[in-house]
Amino acid sequence: MKHLTDKARADFERRQTKSLRETRYLGMPQDFDAEGKPIRAAKGLTDRAAHLIRIAQNAMGQSTLVGANLVKIWDDPNLMDAAKVTRTATLAKTSIDNIGREYHAVLESALDDLKALRRAVAKTYEPPTSAGQASIDGELRTLLKGMKESERMVAVRSDPALMAAAARAHPALSGLSADFHKTIRREYVAKIDPDTLAKVEDLEASILTAEGAMQAIAEDLGSLTDFETAENLKAKSSADLSA
């Protein structure tokens with residue numbers, strides 16, 4: 001790339017429209033509030049989740065700011081083509097690397113937090129320690145398994161005891177499919193420990209949001225940069241100096 005193509009410029013400008021930029025960096029809205037503002041899956045319920053969302057927001061801002069500066073470099077009539085290539089590559093790489101370092105540092109801690117939260121969620125559907133309750137659970141699961149599928153799906157959701165019994169054991173023991181059993185477990189946890197479940201799902205969404213933002217900024221700034229040519233120019237310059 002010896003100059004910024006019209007297509008690259010137009011594609012970057014298209015991606016900078018507000019709705020598309022926010023969707024790419026912050027995730028697809030799940031809904032909209034009364035004022036028409038988007039409601040997204042990642043809400044930042046924990047410090048780590050909030051930090052990941054800030055990283056995504058920073059990446060979005062840097063994409064616009066740095067992208068505009070990259071275009072200015074390409075449009076500078078006082079710079080040689082080689083200088084444009086190397087300067088844009090250096091600026092884009094520095095911006096991506098700076099955000100990337102923060103992202104990876106927070107991500108490592110976020111994944112540790114997520115494991116701990118998931119363990120807490122799993123405790124809500126551990127088998128009962130009481131032999132009496134374990135026996136009752138078994139009888140309830142046998143009752144469920146003996147029902148018609150349509151009756152079973154209604155009963156397990158409408159009766160708290162049946163839901164608990166099904167959630168605390170393998171799906172086959174209640175005659176449930178693996179997918180439906182997963183849904184029942186989530187609904188059961190939502191009744192027993194809604195706060196922890198909300199934190200798990202929010203942190204998962206925040207991790208995905210930050211990951212998407214990192215991909216988006218790499219795509220946006222990369223589209224305005226020719227890293228390969230910049231590396232070739234750097235290698236040639238080093239070879240010339242050592243010759």
# chains A, B, ... in the order shown; residues from 1 in each chain; ligands from 1
>>> select_by_dssp(residues="region 1-239 of chain A", states="strand (DSSP E or B)", output="VMD selection string")
chain A and resid 31 to 32 38 to 39
>>> write_last_selection(atoms="N, CA and C atoms", output="CSV table (one decimal), in the first residue's frame")
chain,number,residue,atom,x,y,z
A,31,ASP,N,-32.0,-5.0,24.0
A,31,ASP,CA,-33.3,-4.3,24.1
A,31,ASP,C,-33.0,-2.8,24.2
A,32,PHE,N,-34.0,-2.0,24.3
A,32,PHE,CA,-33.9,-0.5,24.5
A,32,PHE,C,-34.7,0.0,25.6
A,38,PRO,N,-29.7,1.8,24.1
A,38,PRO,CA,-29.5,0.4,24.0
A,38,PRO,C,-29.2,-0.3,25.4
A,39,ILE,N,-29.8,-1.4,25.6
A,39,ILE,CA,-29.5,-2.2,26.8
A,39,ILE,C,-28.7,-3.4,26.3
>>> closest_atom_pairs(of="region 170-201 of chain A", to="region 142-163 of chain A", cutoff="12 Å", atoms="only C-alpha atoms", output="CSV")
residue,atom,partner,partner_atom,distance
A:Pro171,CA,A:Lys145,CA,9.8
A:Ala172,CA,A:Lys145,CA,8.3
A:Leu173,CA,A:Lys145,CA,7.0
A:Ser174,CA,A:Lys145,CA,4.7
A:Gly175,CA,A:Lys145,CA,4.6
A:Leu176,CA,A:Lys145,CA,7.8
A:Ser177,CA,A:Glu149,CA,10.1
A:Phe180,CA,A:Met153,CA,8.5
A:His181,CA,A:Met163,CA,9.7
A:Lys182,CA,A:Met163,CA,11.6
A:Thr183,CA,A:Arg157,CA,10.1
A:Ile184,CA,A:Met163,CA,6.9
A:Arg185,CA,A:Met163,CA,8.0
A:Arg186,CA,A:Met163,CA,10.5
A:Glu187,CA,A:Arg157,CA,8.4
A:Tyr188,CA,A:Met163,CA,6.7
A:Val189,CA,A:Met163,CA,10.3
A:Ala190,CA,A:Met163,CA,11.8
A:Lys191,CA,A:Pro160,CA,9.4
A:Ile192,CA,A:Pro160,CA,10.6
>>> closest_atom_pairs(of="region 4-49 of chain A", to="region 212-216 of chain A", cutoff="9 Å", atoms="only C-alpha atoms", output="tab-separated table")
residue	atom	partner	partner_atom	distance
A:Arg21	CA	A:Ala216	CA	8.9
A:Arg24	CA	A:Ala216	CA	6.5
A:Tyr25	CA	A:Ala213	CA	4.4
A:Leu26	CA	A:Ala213	CA	6.9
A:Gly27	CA	A:Gly212	CA	7.7
>>> select_by_dssp(residues="region 53-212 of chain A", states="alpha helix (DSSP H)", output="VMD selection string")
chain A and resid 53 to 75 81 to 123 131 to 145 149 to 158 160 to 167 178 to 192 194 to 212
>>> residues_around(residues="Thr225 (chain A)", least_positions_apart="3", cutoff="12 Å", atoms="only C-alpha atoms", output="MDAnalysis selection string")
chainID A and resid 1:5 8:9 12 66:67 69:71 73:74 84:93 218:222 228:231
>>> closest_residue(among="A:Asn232, A:Ser135, A:Thr209, A:Ser223", to="Ala42 (chain A)", atoms="only C-alpha atoms")
A:Thr209
>>> closest_residue(among="A:Ala41, A:Met28, A:Ile217, A:Ala68", to="Glu204 (chain A)", atoms="only C-alpha atoms")
A:Ala41
>>> residues_around(residues="region 104-117 of chain A", least_positions_apart="6", cutoff="12 Å", atoms="only C-alpha atoms", output="JSON, numbers by chain")
{"A": [44, 46, 47, 48, 49, 50, 51, 52, 53, 54, 55, 56, 96, 97, 98, 123, 124, 193, 194, 195, 196, 197, 198, 199, 200, 201, 202, 203, 204, 205, 206, 207, 208, 209, 210, 211, 214]}
>>> closest_residue(among="A:Ala122, A:Leu45, A:Gln16, A:Asp33", to="Gln62 (chain A)", atoms="only C-alpha atoms")
A:Gln16
>>> atom_distance(atom1="CA of Arg118 (chain A)", atom2="CA of Met60 (chain A)")
29.7 Å
>>> atom_distance(atom1="CA of Asp11 (chain A)", atom2="CA of Ser63 (chain A)")
13.3 Å
